$ cat entry_22.tsv   # TSV, C-alpha atoms
chain	number	residue	atom	x	y	z
A	927	MET	CA	90.31	16.61	237.62
A	928	THR	CA	88.91	13.84	235.49
A	929	PRO	CA	90.80	13.53	232.21
A	930	ILE	CA	88.68	14.30	229.18
A	931	GLU	CA	88.10	11.19	227.09
A	932	ILE	CA	88.14	12.78	223.70
A	933	GLU	CA	87.53	9.50	221.87
A	934	LYS	CA	84.08	9.45	223.45
A	935	MET	CA	83.24	12.98	222.38
A	936	THR	CA	81.14	13.74	219.35
A	937	THR	CA	82.76	15.67	216.53
A	938	ASN	CA	80.78	18.77	217.49
A	939	GLU	CA	82.00	18.45	221.05
A	940	LEU	CA	85.56	18.14	219.81
A	941	VAL	CA	85.15	21.35	217.83
A	942	GLU	CA	83.87	23.13	220.95
A	943	HIS	CA	86.77	21.72	222.92
A	944	PHE	CA	89.17	22.94	220.26
A	945	VAL	CA	87.76	26.47	220.59
A	946	ALA	CA	88.07	26.43	224.37
A	947	ILE	CA	91.67	25.25	224.20
A	948	ALA	CA	92.62	27.92	221.67
A	949	ILE	CA	91.11	30.69	223.79
A	950	ASP	CA	92.99	29.40	226.82
A	951	GLN	CA	96.15	29.36	224.71
A	952	ASP	CA	95.54	33.00	223.86
A	953	ASN	CA	95.40	33.87	227.55
A	954	ALA	CA	98.46	31.75	228.36
A	955	SER	CA	100.40	33.46	225.62
A	956	PHE	CA	99.41	36.89	226.93
A	957	GLU	CA	100.57	35.84	230.39
A	958	GLU	CA	103.77	34.43	228.84
A	959	ASN	CA	103.05	31.21	230.67
A	960	ASN	CA	104.94	28.68	228.55
A	961	ALA	CA	104.10	25.68	230.72
A	962	LYS	CA	100.38	26.35	230.52
A	963	TYR	CA	100.54	27.08	226.81
A	964	ASN	CA	102.42	23.86	226.11
A	965	ARG	CA	99.96	21.78	228.16
A	966	LEU	CA	97.18	23.28	226.08
A	967	TYR	CA	99.19	22.60	222.93
A	968	SER	CA	99.29	18.91	223.83
A	969	GLN	CA	95.54	18.92	224.41
A	970	MET	CA	94.98	20.49	221.02
A	971	GLU	CA	97.25	17.93	219.38
A	972	ALA	CA	95.08	15.20	220.87
A	973	VAL	CA	91.93	16.80	219.46
A	974	ARG	CA	93.55	17.18	216.05
A	975	SER	CA	94.63	13.54	216.02
A	976	GLU	CA	91.20	12.34	217.06
A	977	LEU	CA	89.48	14.37	214.35
A	978	LYS	CA	91.96	13.17	211.74
A	979	ILE	CA	91.40	9.46	212.37
A	980	ARG	CA	87.63	9.70	212.26
A	981	PRO	CA	86.01	8.53	209.01
A	982	GLY	CA	86.37	11.15	206.28
A	983	ASP	CA	89.03	13.08	208.23
A	984	GLN	CA	86.83	15.19	210.44
A	985	ARG	CA	89.36	18.04	210.68
A	986	LYS	CA	87.12	19.59	208.04
A	987	ALA	CA	84.61	20.11	210.86
A	988	LEU	CA	86.93	22.92	211.99
A	989	LEU	CA	86.44	24.90	208.76
A	990	PRO	CA	83.65	27.10	210.20
A	991	LEU	CA	86.20	28.26	212.80
A	992	LEU	CA	88.06	30.11	210.07
A	993	ASN	CA	85.51	32.87	210.70
A	994	HIS	CA	85.62	32.65	214.49
A	995	PRO	CA	85.87	36.04	216.23
A	996	ASN	CA	88.90	34.97	218.28
A	997	LEU	CA	92.12	35.27	216.31
A	998	GLN	CA	93.91	32.40	218.06
A	999	VAL	CA	90.99	30.11	217.21
A	1000	ARG	CA	91.16	31.20	213.58
A	1001	LEU	CA	94.93	30.71	213.50
A	1002	LYS	CA	94.85	27.21	214.98
A	1003	ALA	CA	91.89	26.18	212.85
A	1004	ALA	CA	93.69	27.39	209.73
A	1005	ILE	CA	96.86	25.46	210.59
A	1006	THR	CA	94.85	22.32	211.35
A	1007	THR	CA	92.81	22.45	208.15
A	1008	LEU	CA	95.73	23.15	205.81
A	1009	ALA	CA	95.78	19.47	204.84
A	1010	VAL	CA	92.07	19.25	204.09
A	1011	ALA	CA	91.28	22.73	202.73
A	1012	PRO	CA	94.53	24.46	201.77
A	1013	GLY	CA	92.99	27.35	199.84
A	1014	PRO	CA	90.81	28.93	202.53
A	1015	SER	CA	93.27	28.03	205.26
A	1016	ARG	CA	96.15	29.79	203.53
A	1017	GLN	CA	93.98	32.83	202.91
A	1018	VAL	CA	93.16	33.09	206.60
A	1019	LEU	CA	96.85	32.70	207.49
A	1020	ARG	CA	97.77	35.47	205.07
A	1021	THR	CA	95.17	37.78	206.60
A	1022	ILE	CA	96.38	37.08	210.14
A	1023	ALA	CA	100.03	37.48	209.13
A	1024	SER	CA	99.32	40.90	207.66
A	1025	SER	CA	97.66	42.11	210.86
A	1026	ASN	CA	99.40	43.84	213.74
A	1027	ARG	CA	98.08	41.39	216.31
A	1028	LEU	CA	101.04	39.62	217.85
A	1029	PRO	CA	101.95	36.85	218.47
A	1030	GLN	CA	99.30	35.41	216.13
A	1031	ALA	CA	100.56	37.43	213.16
A	1032	ALA	CA	104.07	36.12	213.77
A	1033	ASN	CA	102.91	32.51	214.05
A	1034	ALA	CA	100.85	32.77	210.86
A	1035	GLY	CA	103.85	34.27	209.08
A	1036	LEU	CA	106.07	31.48	210.35
A	1037	ILE	CA	103.75	28.80	208.96
A	1038	LEU	CA	103.46	30.61	205.63
A	1039	ASN	CA	107.26	30.87	205.42
A	1040	GLY	CA	107.47	27.14	206.12
A	1041	LEU	CA	104.92	26.33	203.41
A	1042	LYS	CA	106.83	28.49	200.96
A	1043	ASP	CA	110.28	27.02	201.55
A	1044	GLY	CA	109.03	23.48	202.14
A	1045	SER	CA	110.15	23.26	205.76
A	1046	PHE	CA	106.53	22.84	206.90
A	1047	VAL	CA	104.37	20.24	205.20
A	1048	PRO	CA	100.78	19.83	206.44
A	1049	LYS	CA	100.04	16.22	207.36
B	1249	MET	CA	107.38	36.77	237.83
B	1250	LYS	CA	108.64	39.50	235.61
B	1251	PRO	CA	110.04	42.52	237.47
B	1252	PRO	CA	107.89	45.64	237.31
B	1253	LEU	CA	108.64	48.08	234.60
B	1254	PRO	CA	110.95	50.71	236.04
B	1255	ARG	CA	109.31	53.83	237.35
B	1256	ILE	CA	110.56	56.92	235.59
B	1257	LEU	CA	110.29	60.64	235.95
B	1258	SER	CA	109.56	60.46	239.65
B	1259	ALA	CA	111.31	63.69	240.61
B	1260	VAL	CA	108.25	65.85	240.02
B	1261	PRO	CA	105.83	66.52	242.87
B	1262	ARG	CA	102.56	64.72	242.16
B	1263	THR	CA	100.43	67.66	243.06
B	1264	LEU	CA	97.23	68.33	241.23
B	1265	HIS	CA	98.31	71.56	239.62
B	1266	VAL	CA	101.54	70.04	238.32
B	1267	GLN	CA	99.55	67.20	236.80
B	1268	LEU	CA	97.12	69.66	235.27
B	1269	GLU	CA	99.98	71.65	233.82
B	1270	ILE	CA	101.44	68.52	232.28
B	1271	ALA	CA	98.08	67.48	230.87
B	1272	LYS	CA	97.67	70.98	229.45
B	1273	ALA	CA	101.10	70.84	227.84
B	1274	ILE	CA	100.27	67.50	226.27
B	1275	ARG	CA	96.95	68.77	224.96
B	1276	THR	CA	98.64	71.85	223.58
B	1277	LEU	CA	101.23	69.81	221.83
B	1278	THR	CA	98.90	67.21	220.43
B	1279	SER	CA	96.25	69.66	219.25
B	1280	GLN	CA	98.89	71.74	217.49
B	1281	GLU	CA	96.42	74.57	217.60
B	1282	VAL	CA	97.46	76.61	220.62
B	1283	PRO	CA	100.95	77.93	221.18
B	1284	ALA	CA	102.80	76.58	224.19
B	1285	GLN	CA	101.82	78.28	227.42
B	1286	PRO	CA	104.45	80.16	229.39
B	1287	GLN	CA	105.69	78.38	232.46
B	1288	ARG	CA	103.90	79.17	235.68
B	1289	SER	CA	105.70	80.56	238.69
B	1290	PHE	CA	105.11	77.43	240.82
B	1291	GLU	CA	107.06	75.23	238.48
B	1292	THR	CA	110.32	73.81	239.54
B	1293	ASP	CA	113.15	73.20	237.13
B	1294	ALA	CA	112.54	69.49	237.48
B	1295	ALA	CA	108.89	69.91	236.60
B	1296	GLY	CA	109.79	71.88	233.51
B	1297	GLU	CA	112.28	69.25	232.41
B	1298	GLU	CA	109.77	66.52	233.04
B	1299	ARG	CA	107.12	68.23	230.98
B	1300	GLU	CA	109.56	68.67	228.15
B	1301	LEU	CA	110.42	64.98	228.28
B	1302	ILE	CA	106.78	63.93	228.35
B	1303	LYS	CA	106.00	66.29	225.48
B	1304	GLN	CA	108.83	64.74	223.53
B	1305	ILE	CA	107.59	61.23	224.24
B	1306	VAL	CA	104.05	62.09	223.23
B	1307	HIS	CA	105.24	63.91	220.14
B	1308	GLU	CA	107.32	60.94	219.04
B	1309	LEU	CA	104.49	58.54	219.76
B	1310	LEU	CA	102.14	60.58	217.63
B	1311	LEU	CA	104.70	60.59	214.83
B	1312	ASP	CA	105.00	56.82	215.09
B	1313	LEU	CA	101.24	56.44	215.00
B	1314	ARG	CA	101.03	58.61	211.92
B	1315	LYS	CA	103.76	56.56	210.26
B	1316	ALA	CA	101.73	53.47	211.06
B	1317	GLY	CA	98.66	54.99	209.40
B	1318	PHE	CA	96.81	56.20	212.49
B	1319	ASP	CA	95.14	59.57	212.65
B	1320	PRO	CA	95.41	61.06	216.12
B	1321	ASP	CA	93.64	64.24	214.98
B	1322	GLU	CA	90.18	62.97	215.74
B	1323	PRO	CA	87.46	64.49	217.89
B	1324	ARG	CA	87.86	63.57	221.51
B	1325	VAL	CA	86.47	63.96	224.95
B	1326	PRO	CA	88.17	67.04	226.42
B	1327	ALA	CA	90.66	65.96	229.02
B	1328	GLY	CA	89.13	68.31	231.58
B	1329	SER	CA	85.56	67.14	231.05
B	1330	PRO	CA	83.64	65.06	233.59
B	1331	ASP	CA	84.15	62.09	231.28
B	1332	GLY	CA	87.91	62.45	231.41
B	1333	GLY	CA	89.52	59.05	231.71
B	1334	GLN	CA	86.60	57.38	230.02
B	1335	TRP	CA	86.26	56.00	226.55
B	1336	THR	CA	83.87	57.29	223.96
B	1337	ARG	CA	83.41	55.81	220.53
B	1338	ASP	CA	82.18	58.99	218.90
B	1339	GLY	CA	84.73	61.34	220.31
B	1340	GLY	CA	82.84	63.60	222.60
B	1341	ASN	CA	79.08	63.29	222.57
B	1342	GLY	CA	79.04	61.53	225.88
B	1343	ALA	CA	78.36	58.04	224.54
B	1344	VAL	CA	80.55	56.33	227.08
B	1345	LEU	CA	81.07	52.65	226.43
B	1346	SER	CA	83.09	51.75	229.47
B	1347	ASP	CA	83.96	53.53	232.64
B	1348	ALA	CA	87.46	53.65	233.95
B	1349	THR	CA	87.88	51.35	236.93
B	1350	PRO	CA	90.78	50.60	239.17
B	1351	ASP	CA	91.20	47.04	237.94
B	1352	ASN	CA	92.19	46.13	234.45
B	1353	THR	CA	90.23	43.07	233.37
B	1354	TRP	CA	91.16	43.11	229.71
B	1355	LYS	CA	91.87	39.65	228.38
B	1356	PRO	CA	93.28	38.57	225.06
B	1357	GLY	CA	90.32	36.30	224.41
B	1358	GLY	CA	88.05	39.31	223.96
B	1359	GLN	CA	86.86	40.90	220.79
B	1360	TYR	CA	90.01	42.42	219.36
B	1361	ALA	CA	90.18	44.46	216.25
B	1362	ALA	CA	92.24	41.72	214.69
B	1363	ASN	CA	89.85	39.15	216.10
B	1364	ASN	CA	87.16	40.49	213.89
B	1365	PRO	CA	86.54	38.76	210.58
B	1366	PRO	CA	88.78	39.88	207.73
B	1367	ASP	CA	88.31	43.44	206.51
B	1368	ILE	CA	87.55	44.73	209.98
B	1369	GLY	CA	90.35	45.99	212.14
B	1370	HIS	CA	93.95	45.82	210.96
B	1371	ASN	CA	93.72	49.57	210.40
B	1372	GLN	CA	90.94	48.97	207.89
B	1373	GLY	CA	88.11	50.06	210.13
B	1374	PRO	CA	87.07	50.64	213.71
B	1375	PRO	CA	87.67	47.88	216.21
B	1376	LEU	CA	84.49	46.47	217.64
B	1377	GLU	CA	85.87	45.68	221.06
B	1378	GLU	CA	86.41	48.02	223.94
B	1379	PRO	CA	89.92	49.11	224.71
B	1380	PRO	CA	91.46	48.19	228.05
B	1381	ARG	CA	90.05	50.30	230.85
B	1382	ILE	CA	92.36	52.94	232.22
B	1383	PRO	CA	92.67	52.67	236.00
B	1384	PRO	CA	92.68	56.07	237.69
B	1385	LYS	CA	95.68	54.98	239.74
B	1386	PRO	CA	98.59	52.68	238.90
B	1387	PRO	CA	97.63	49.01	239.38
B	1388	ALA	CA	98.62	47.71	242.79
B	1389	THR	CA	100.88	44.87	241.67
B	1390	PRO	CA	103.74	44.79	239.15
B	1391	GLN	CA	101.97	42.03	237.24
B	1392	ALA	CA	98.78	44.07	236.97
B	1393	LEU	CA	100.77	47.08	235.83
B	1394	ASN	CA	102.58	45.06	233.19
B	1395	ASN	CA	99.31	43.52	232.04
B	1396	PHE	CA	97.73	46.93	231.60
B	1397	ILE	CA	100.69	48.22	229.61
B	1398	LYS	CA	100.66	45.13	227.39
B	1399	ALA	CA	96.91	45.29	226.90
B	1400	ALA	CA	96.97	48.97	225.99
B	1401	ALA	CA	99.87	48.54	223.56
B	1402	TYR	CA	98.38	45.45	221.91
B	1403	TRP	CA	95.01	47.14	221.56
B	1404	LEU	CA	96.51	50.26	220.04
B	1405	ALA	CA	98.50	48.16	217.57
B	1406	THR	CA	95.30	46.72	216.14
B	1407	ALA	CA	92.97	49.67	216.53
B	1408	GLY	CA	91.78	51.47	213.46
B	1409	LYS	CA	92.34	55.07	212.52
B	1410	GLY	CA	90.88	57.60	214.87
B	1411	VAL	CA	90.02	55.30	217.74
B	1412	ALA	CA	93.71	54.74	218.41
B	1413	GLY	CA	94.26	58.49	218.54
B	1414	ARG	CA	91.32	59.01	220.87
B	1415	TYR	CA	92.41	56.24	223.21
B	1416	LEU	CA	95.91	57.64	223.20
B	1417	ARG	CA	94.59	61.00	224.31
B	1418	LEU	CA	92.78	59.35	227.20
B	1419	LEU	CA	95.99	57.60	228.17
B	1420	GLN	CA	97.79	60.93	228.13
B	1421	ALA	CA	95.22	62.41	230.48
B	1422	ALA	CA	96.18	59.92	233.19
B	1423	TYR	CA	99.38	61.14	234.75
B	1424	TRP	CA	100.54	57.74	235.92
B	1425	VAL	CA	100.06	56.29	232.44
B	1426	THR	CA	102.07	59.06	230.87
B	1427	THR	CA	104.96	58.49	233.21
B	1428	LEU	CA	104.88	54.71	233.70
B	1429	ALA	CA	103.39	53.27	230.54
B	1430	LEU	CA	103.71	55.58	227.58
B	1431	PRO	CA	107.41	54.98	226.79
B	1432	TYR	CA	106.72	51.23	226.55
B	1433	ILE	CA	103.60	51.70	224.46
B	1434	ARG	CA	105.38	54.11	222.15
B	1435	ALA	CA	108.25	51.67	221.70
B	1436	TYR	CA	105.83	48.81	220.95
B	1437	LEU	CA	104.16	50.84	218.22
B	1438	SER	CA	107.39	52.01	216.62
B	1439	PRO	CA	107.96	50.87	213.02
B	1440	PRO	CA	110.47	48.18	212.04
B	1441	LYS	CA	114.10	49.16	211.47
B	1442	THR	CA	117.05	47.77	209.54
B	1443	LEU	CA	119.42	45.39	211.29
B	1444	GLN	CA	122.12	48.05	211.24
B	1445	GLU	CA	119.80	50.55	212.93
B	1446	LEU	CA	118.77	48.05	215.60
B	1447	GLN	CA	122.43	47.23	216.28
B	1448	GLN	CA	123.42	50.89	216.46
B	1449	ASP	CA	120.57	51.56	218.89
B	1450	VAL	CA	122.28	49.28	221.40
B	1451	LEU	CA	124.60	52.19	222.15
B	1452	ASN	CA	121.60	54.37	222.99
B	1453	PRO	CA	119.59	52.68	225.78
B	1454	GLN	CA	116.10	54.08	226.26
B	1455	THR	CA	113.17	53.46	228.56
B	1456	GLY	CA	110.74	51.21	226.72
B	1457	TYR	CA	113.47	49.22	225.02
B	1458	ASP	CA	115.64	46.22	225.95
B	1459	ILE	CA	118.89	44.89	224.60
B	1460	HIS	CA	118.05	41.61	222.90
B	1461	HIS	CA	120.32	38.73	221.90
B	1462	ILE	CA	119.31	37.59	218.42
B	1463	VAL	CA	120.70	34.16	219.28
B	1464	GLU	CA	119.38	33.30	222.74
B	1465	GLN	CA	122.23	33.67	225.20
B	1466	THR	CA	121.50	31.06	227.88
B	1467	PRO	CA	121.11	28.03	225.59
B	1468	ALA	CA	124.06	29.21	223.50
B	1469	ARG	CA	126.28	29.44	226.59
B	1470	LYS	CA	125.16	26.00	227.76
B	1471	GLU	CA	126.16	24.57	224.41
B	1472	GLY	CA	129.62	26.08	224.48
B	1473	PHE	CA	129.41	29.12	222.26
B	1474	SER	CA	131.89	31.79	223.38
B	1475	ASP	CA	130.91	34.94	225.23
B	1476	ASP	CA	132.62	36.96	222.52
B	1477	ILE	CA	130.18	35.81	219.89
B	1478	ILE	CA	127.14	35.70	222.18
B	1479	ASP	CA	127.65	39.25	223.45
B	1480	GLY	CA	129.23	40.50	220.24
B	1481	PRO	CA	127.83	43.47	218.36
B	1482	ASP	CA	126.42	41.28	215.60
B	1483	ASN	CA	124.20	39.48	218.08
B	1484	LEU	CA	122.87	42.48	220.01
B	1485	VAL	CA	119.95	44.68	219.02
B	1486	ARG	CA	117.80	47.16	220.89
B	1487	ILE	CA	114.13	46.25	220.57
B	1488	PRO	CA	110.91	47.32	222.32
B	1489	THR	CA	110.62	45.78	225.78
B	1490	LEU	CA	107.13	44.39	225.15
B	1491	LYS	CA	108.25	42.72	221.91
B	1492	HIS	CA	111.29	41.36	223.74
B	1493	TRP	CA	108.90	39.65	226.16
B	1494	GLN	CA	106.75	38.35	223.31
B	1495	ILE	CA	109.71	36.94	221.41
B	1496	ASN	CA	111.16	35.33	224.54
B	1497	GLY	CA	107.76	33.84	225.31
B	1498	ARG	CA	107.43	32.49	221.81
B	1499	TYR	CA	110.81	30.73	222.09
B	1500	GLY	CA	109.32	28.56	224.82
B	1501	GLU	CA	106.03	27.77	223.08
B	1502	ARG	CA	105.63	24.60	221.06
B	1503	ASN	CA	104.94	25.23	217.41
B	1504	GLU	CA	103.71	23.23	214.43
B	1505	LYS	CA	106.53	24.61	212.27
B	1506	TYR	CA	109.17	23.00	214.47
B	1507	ASP	CA	107.69	19.49	214.57
B	1508	ASN	CA	105.69	20.42	217.66
B	1509	LEU	CA	108.81	21.52	219.54
B	1510	SER	CA	109.41	24.99	220.87
B	1511	PRO	CA	112.00	27.03	218.94
B	1512	ARG	CA	114.29	26.65	221.98
B	1513	GLU	CA	113.99	22.86	221.83
B	1514	TYR	CA	114.28	22.80	218.06
B	1515	LEU	CA	117.53	24.78	218.12
B	1516	ARG	CA	119.22	22.46	220.63
B	1517	GLY	CA	122.42	21.20	219.03
B	1518	LYS	CA	122.03	23.45	216.00
B	1519	SER	CA	124.75	25.68	214.53
B	1520	TRP	CA	125.19	29.38	215.25
B	1521	GLU	CA	123.99	30.12	211.72
B	1522	ASP	CA	120.76	28.18	212.25
B	1523	ARG	CA	120.15	30.01	215.52
B	1524	MET	CA	120.85	33.36	213.88
B	1525	ARG	CA	118.45	32.57	211.02
B	1526	VAL	CA	115.65	31.68	213.44
B	1527	GLY	CA	116.45	34.73	215.58
B	1528	LYS	CA	116.30	37.13	212.65
B	1529	GLU	CA	113.14	35.51	211.34
B	1530	ALA	CA	111.53	36.13	214.74
B	1531	LEU	CA	112.53	39.79	214.63
B	1532	ILE	CA	110.93	40.14	211.20
B	1533	LEU	CA	107.77	38.25	212.17
B	1534	PHE	CA	107.35	40.41	215.26
B	1535	LYS	CA	107.74	43.51	213.10
B	1536	VAL	CA	110.93	44.73	214.74
B	1537	LEU	CA	113.28	44.12	211.80
B	1538	LYS	CA	112.54	45.21	208.27
B	1539	PRO	CA	112.24	42.19	205.93
$ encode --input "entry_22.tsv" --output "structure tokens"
Amino acid sequence: MTPIEIEKMTTNELVEHFVAIAIDQDNASFEENNAKYNRLYSQMEAVRSELKIRPGDQRKALLPLLNHPNLQVRLKAAITTLAVAPGPSRQVLRTIASSNRLPQAANAGLILNGLKDGSFVPK
Amino acid sequence: MKPPLPRILSAVPRTLHVQLEIAKAIRTLTSQEVPAQPQRSFETDAAGEERELIKQIVHELLLDLRKAGFDPDEPRVPAGSPDGGQWTRDGGNGAVLSDATPDNTWKPGGQYAANNPPDIGHNQGPPLEEPPRIPPKPPATPQALNNFIKAAAYWLATAGKGVAGRYLRLLQAAYWVTTLALPYIRAYLSPPKTLQELQQDVLNPQTGYDIHHIVEQTPARKEGFSDDIIDGPDNLVRIPTLKHWQINGRYGERNEKYDNLSPREYLRGKSWEDRMRVGKEALILFKVLKP
């Protein structure tokens, strides 16, 4: 498979790629396939880094995903945008954490705990 | 691959009239309107015991659902109707949204209740997505069986009032679900307990639950912690099997909170206290342990 050259992608394409990765993560998590999930995690990290270094910190392009119908997409978008839009991102994390949908609720709660005690600082 | 969930209650003959009797007993119990029917002459002692056990499981599941804010007393498709085994959103007018099929194709990327924008789902309203389809027969492979059980439990956990009760009644109408899946689903939906309760439950093994090491045992052993502390009573809790799988899975997934390491990697070289703190936090976050 040809590796995706994310530096050549437009910002909109990166956002679409981010969504696709998150949905695949959701499936990998359901299947309890750690290796697949972690490969996808690396891919998402690459997208995050690419968005961050673009002029104006284009992670803000992920903000519309805070209303995405898929919960994993919302979760990952909220974590990624904490540094650029902490208010709405935290609100989405609180909503997910209070839901009964696991593991997303647990992951949102973990990030909120980290923000509260200072062990997680958005960069 | 994970081993199949153990088959239980297999002593009863799987004849049609025994299944019908069991379904009738469940309906009687859950409707709480009709007194229990006397046992028929064809019943064996084993069948009677099995029905009692299933009734107990269903009763406890309904209690758990009520504790969690669900309302199982909603209109439903009668179990004996031609639409039995099918889902209806309005509880009995024939508006079938999805037919039961042998293969479960439910995927977590679908439209969950909790996937809906805030204020929909999370017990605050009806879920907009379809529940997992109920195969008329047990799925052919252990993985497919486990996937169905997980999908049904996860869906029920996020379904709103009423729809959860209706779906539960459809699950009860499928004999194989009642015997193979319901104990695991019930356990998944059970409310959080105190640490003391979870530790005491270790002495009372039940189908649907696993014994869980709060501090992961394999990495702890590799790093020289003694068996006495690893398998000691302070480190053992009984938790729902499906949540055990979720927590174990999460320990291997990389996470932003742990500098992009998995919890398992993050805890390498850490003290017992650090491991215990992370382990208890996981139990709270997965709604097994009361905060």
$ residues_around --input "entry_22.tsv" --residues "stretch 1496-1507 of chain B" --least-positions-apart "4" --cutoff "8 Å" --atoms "only C-alpha atoms" --output "PyMOL selection string"
(chain A and resi 955+958-960+963-964+967+1029+1036-1037+1040+1045-1046) or (chain B and resi 1492+1511-1514)
$ residues_near_point --input "entry_22.tsv" --point "(102.9, 41.8, 211.3)" --cutoff "8 Å" --atoms "only C-alpha atoms" --output "list in words"
Ala1023, Ser1024, Ser1025, Asn1026, Arg1027, Leu1028, Ala1031, Ala1032 and Gly1035 of chain A; Leu1533, Phe1534 and Lys1535 of chain B
$ write_last_selection --input "entry_22.tsv" --atoms "C-alpha atoms" --output "compact mmCIF listing (two decimals), in the coordinates of the input"
# COMPACT_ATOMS: atom_id res chain seq x y z
CA ALA A 1023 100.03 37.48 209.13
CA SER A 1024 99.32 40.90 207.66
CA SER A 1025 97.66 42.11 210.86
CA ASN A 1026 99.40 43.84 213.74
CA ARG A 1027 98.08 41.39 216.31
CA LEU A 1028 101.04 39.62 217.85
CA ALA A 1031 100.56 37.43 213.16
CA ALA A 1032 104.07 36.12 213.77
CA GLY A 1035 103.85 34.27 209.08
CA LEU B 1533 107.77 38.25 212.17
CA PHE B 1534 107.35 40.41 215.26
CA LYS B 1535 107.74 43.51 213.10
$ residues_around --input "entry_22.tsv" --residues "A:Val941" --least-positions-apart "6" --cutoff "12 Å" --atoms "all atoms listed in the file" --output "count of residues only"
22
$ axis_aligned_box --input "entry_22.tsv" --around "stretch 1518-1536 of chain B" --padding-each-side "3 Å" --output "JSON"
{"center_x": 116.3, "center_y": 34.1, "center_z": 213.5, "size_x": 23.8, "size_y": 27.3, "size_z": 11.0}
$ closest_residue --input "entry_22.tsv" --among "B:Leu1484, B:Ile1495, B:Leu1537, B:Ala1429" --to "chain A" --atoms "all atoms listed in the file"
B:Ile1495
$ atom_distance --input "entry_22.tsv" --atom1 "atom CA of A:Ser968" --atom2 "atom CA of A:Asn938"
19.6 Å
$ atom_distance --input "entry_22.tsv" --atom1 "atom CA of B:Asp1479" --atom2 "atom CA of B:Asn1394"
27.5 Å
$ atom_distance --input "entry_22.tsv" --atom1 "atom CA of A:Thr937" --atom2 "atom CA of A:Gln1030"
25.8 Å
$ residues_around --input "entry_22.tsv" --residues "B:Pro1440" --least-positions-apart "6" --cutoff "10 Å" --atoms "all atoms listed in the file" --output "list in words"
Leu1446, Ile1487, Leu1531, Ile1532, Phe1534, Lys1535, Val1536, Leu1537, Lys1538 and Pro1539 of chain B
$ closest_residue --input "entry_22.tsv" --among "B:Leu1515, B:Ala1407, B:Ala1401, B:Ile1382" --to "B:Ala1468" --atoms "all atoms listed in the file"
B:Leu1515
$ decode --input "entry_22.tsv" --residues "stretch 1016-1026 of chain A" --atoms "N, CA, C and O atoms" --output "PDB file, in the first residue's frame"
ATOM      1  N   ARG A1016     -13.508  20.926  26.332  1.00  0.00           N
ATOM      2  CA  ARG A1016     -13.769  20.364  27.669  1.00  0.00           C
ATOM      3  C   ARG A1016     -15.244  20.007  27.826  1.00  0.00           C
ATOM      4  O   ARG A1016     -15.582  19.003  28.456  1.00  0.00           O
ATOM      5  N   GLN A1017     -16.108  20.845  27.279  1.00  0.00           N
ATOM      6  CA  GLN A1017     -17.544  20.565  27.406  1.00  0.00           C
ATOM      7  C   GLN A1017     -17.888  19.241  26.721  1.00  0.00           C
ATOM      8  O   GLN A1017     -18.651  18.429  27.257  1.00  0.00           O
ATOM      9  N   VAL A1018     -17.322  19.026  25.548  1.00  0.00           N
ATOM     10  CA  VAL A1018     -17.582  17.763  24.844  1.00  0.00           C
ATOM     11  C   VAL A1018     -17.022  16.588  25.648  1.00  0.00           C
ATOM     12  O   VAL A1018     -17.686  15.551  25.792  1.00  0.00           O
ATOM     13  N   LEU A1019     -15.839  16.750  26.220  1.00  0.00           N
ATOM     14  CA  LEU A1019     -15.263  15.673  27.032  1.00  0.00           C
ATOM     15  C   LEU A1019     -16.141  15.366  28.237  1.00  0.00           C
ATOM     16  O   LEU A1019     -16.343  14.204  28.600  1.00  0.00           O
ATOM     17  N   ARG A1020     -16.676  16.416  28.852  1.00  0.00           N
ATOM     18  CA  ARG A1020     -17.555  16.188  30.017  1.00  0.00           C
ATOM     19  C   ARG A1020     -18.805  15.421  29.603  1.00  0.00           C
ATOM     20  O   ARG A1020     -19.269  14.523  30.309  1.00  0.00           O
ATOM     21  N   THR A1021     -19.358  15.771  28.458  1.00  0.00           N
ATOM     22  CA  THR A1021     -20.567  15.081  27.987  1.00  0.00           C
ATOM     23  C   THR A1021     -20.276  13.611  27.705  1.00  0.00           C
ATOM     24  O   THR A1021     -21.052  12.728  28.089  1.00  0.00           O
ATOM     25  N   ILE A1022     -19.158  13.358  27.040  1.00  0.00           N
ATOM     26  CA  ILE A1022     -18.805  11.959  26.732  1.00  0.00           C
ATOM     27  C   ILE A1022     -18.544  11.189  28.024  1.00  0.00           C
ATOM     28  O   ILE A1022     -19.001  10.060  28.198  1.00  0.00           O
ATOM     29  N   ALA A1023     -17.823  11.817  28.956  1.00  0.00           N
ATOM     30  CA  ALA A1023     -17.477  11.125  30.204  1.00  0.00           C
ATOM     31  C   ALA A1023     -18.724  10.751  31.001  1.00  0.00           C
ATOM     32  O   ALA A1023     -18.728   9.743  31.713  1.00  0.00           O
ATOM     33  N   SER A1024     -19.771  11.549  30.871  1.00  0.00           N
ATOM     34  CA  SER A1024     -20.984  11.269  31.651  1.00  0.00           C
ATOM     35  C   SER A1024     -21.891  10.251  30.956  1.00  0.00           C
ATOM     36  O   SER A1024     -22.908   9.857  31.513  1.00  0.00           O
ATOM     37  N   SER A1025     -21.511   9.832  29.757  1.00  0.00           N
ATOM     38  CA  SER A1025     -22.327   8.853  29.043  1.00  0.00           C
ATOM     39  C   SER A1025     -21.974   7.436  29.522  1.00  0.00           C
ATOM     40  O   SER A1025     -21.033   7.237  30.277  1.00  0.00           O
ATOM     41  N   ASN A1026     -22.747   6.483  29.059  1.00  0.00           N
ATOM     42  CA  ASN A1026     -22.472   5.079  29.389  1.00  0.00           C
ATOM     43  C   ASN A1026     -21.755   4.365  28.258  1.00  0.00           C
ATOM     44  O   ASN A1026     -21.664   3.147  28.254  1.00  0.00           O
TER      45      ASN A1026
END
